[in-house]
Amino acid sequence: MRNLLFVDDESQTLELLTDLYSPSNSVFIALSGMQALEILRKQSVDAVIIDILLAGAENGYTLAQQIQQEFPGLKIGLMTSLNKDTAKESYGSDFVILGKLDLVLTANESGLSETLNGFLAASSVC
């Protein structure tokens with residue numbers, strides 16, 4: 001069983017992810033970067049999945065960088081409802097291929113659940 005943290009400003013998305021992953025994992029959810037950091041400082045988490053388009057001034061990429069600095073080695077993935085071309089256009093091709101992040105998901109692609117499951121299964125934590 002893994003401890004997973006999902007970060008998204010859409011409560012419906014968090015409910016869906018909780019329903020999908022809570023039967024076999026401990027799932028934590030955060031509606032903002034501030035909530036995510038509070039959870040990470042209190043709980044042991046194996047992987048964090050962050051929405052790229054968080055509300056307000058923050059975005060998932062910035063939050064991922066902040067988490068990497070404070071929690072080096074923590075497995076981090078980004079997800080977005082944007083298609084890959086739009087994500088690359090909005091955030092630059094380096095965003096997708098930096099190698100600093102373990103995964104970038106796009107919700108419009110088929111196989112989203114399988115891709116996320118593969119990402120989580122590849123975690124060094126069993």
# chains A, B, ... in the order shown; residues from 1 in each chain; ligands from 1
$ residues_around --residues "Ala30 in chain A" --least-positions-apart "6" --cutoff "8 Å" --atoms "only C-alpha atoms" --output "number ranges by chain"
A: 5-9, 36, 39
$ residues_around --residues "Glu70 in chain A" --least-positions-apart "4" --cutoff "10 Å" --atoms "only C-alpha atoms" --output "VMD selection string"
chain A and resid 37 40 to 41 64 to 66 74
$ write_last_selection --atoms "N, CA and C atoms" --output "mmCIF file, in the first residue's frame"
data_model
loop_
_atom_site.group_PDB
_atom_site.id
_atom_site.type_symbol
_atom_site.label_atom_id
_atom_site.label_comp_id
_atom_site.auth_asym_id
_atom_site.auth_seq_id
_atom_site.Cartn_x
_atom_site.Cartn_y
_atom_site.Cartn_z
ATOM 1 N N LEU A 37 1.661 21.188 0.860
ATOM 2 C CA LEU A 37 2.883 21.298 1.661
ATOM 3 C C LEU A 37 2.615 20.975 3.125
ATOM 4 N N LEU A 40 2.452 17.202 3.327
ATOM 5 C CA LEU A 40 3.778 16.604 3.167
ATOM 6 C C LEU A 40 4.645 16.774 4.412
ATOM 7 N N ARG A 41 4.447 17.855 5.136
ATOM 8 C CA ARG A 41 5.236 18.098 6.354
ATOM 9 C C ARG A 41 4.765 17.241 7.520
ATOM 10 N N ALA A 64 5.631 21.766 -7.898
ATOM 11 C CA ALA A 64 6.510 20.602 -8.024
ATOM 12 C C ALA A 64 7.962 20.977 -7.726
ATOM 13 N N GLN A 65 8.393 22.116 -8.232
ATOM 14 C CA GLN A 65 9.760 22.567 -7.959
ATOM 15 C C GLN A 65 9.963 22.828 -6.468
ATOM 16 N N GLN A 66 8.974 23.434 -5.831
ATOM 17 C CA GLN A 66 9.059 23.715 -4.397
ATOM 18 C C GLN A 66 9.115 22.407 -3.604
ATOM 19 N N LEU A 74 11.298 12.656 -3.610
ATOM 20 C CA LEU A 74 9.883 12.302 -3.633
ATOM 21 C C LEU A 74 9.408 12.200 -5.074
#
$ closest_residue --among "A:Asn3, A:Tyr61, A:Lys75, A:Ala55" --to "Leu31 in chain A" --atoms "only C-alpha atoms"
A:Ala55
$ atom_distance --atom1 "CA of Thr13 in chain A" --atom2 "CA of Asp51 in chain A"
9.6 Å
$ closest_residue --among "A:Ile76, A:Ser32, A:Ile67, A:Leu4" --to "Thr18 in chain A" --atoms "only C-alpha atoms"
A:Leu4
$ closest_residue --among "A:Met1, A:Ala47, A:Val27, A:Ile52" --to "Leu14 in chain A" --atoms "only C-alpha atoms"
A:Val27
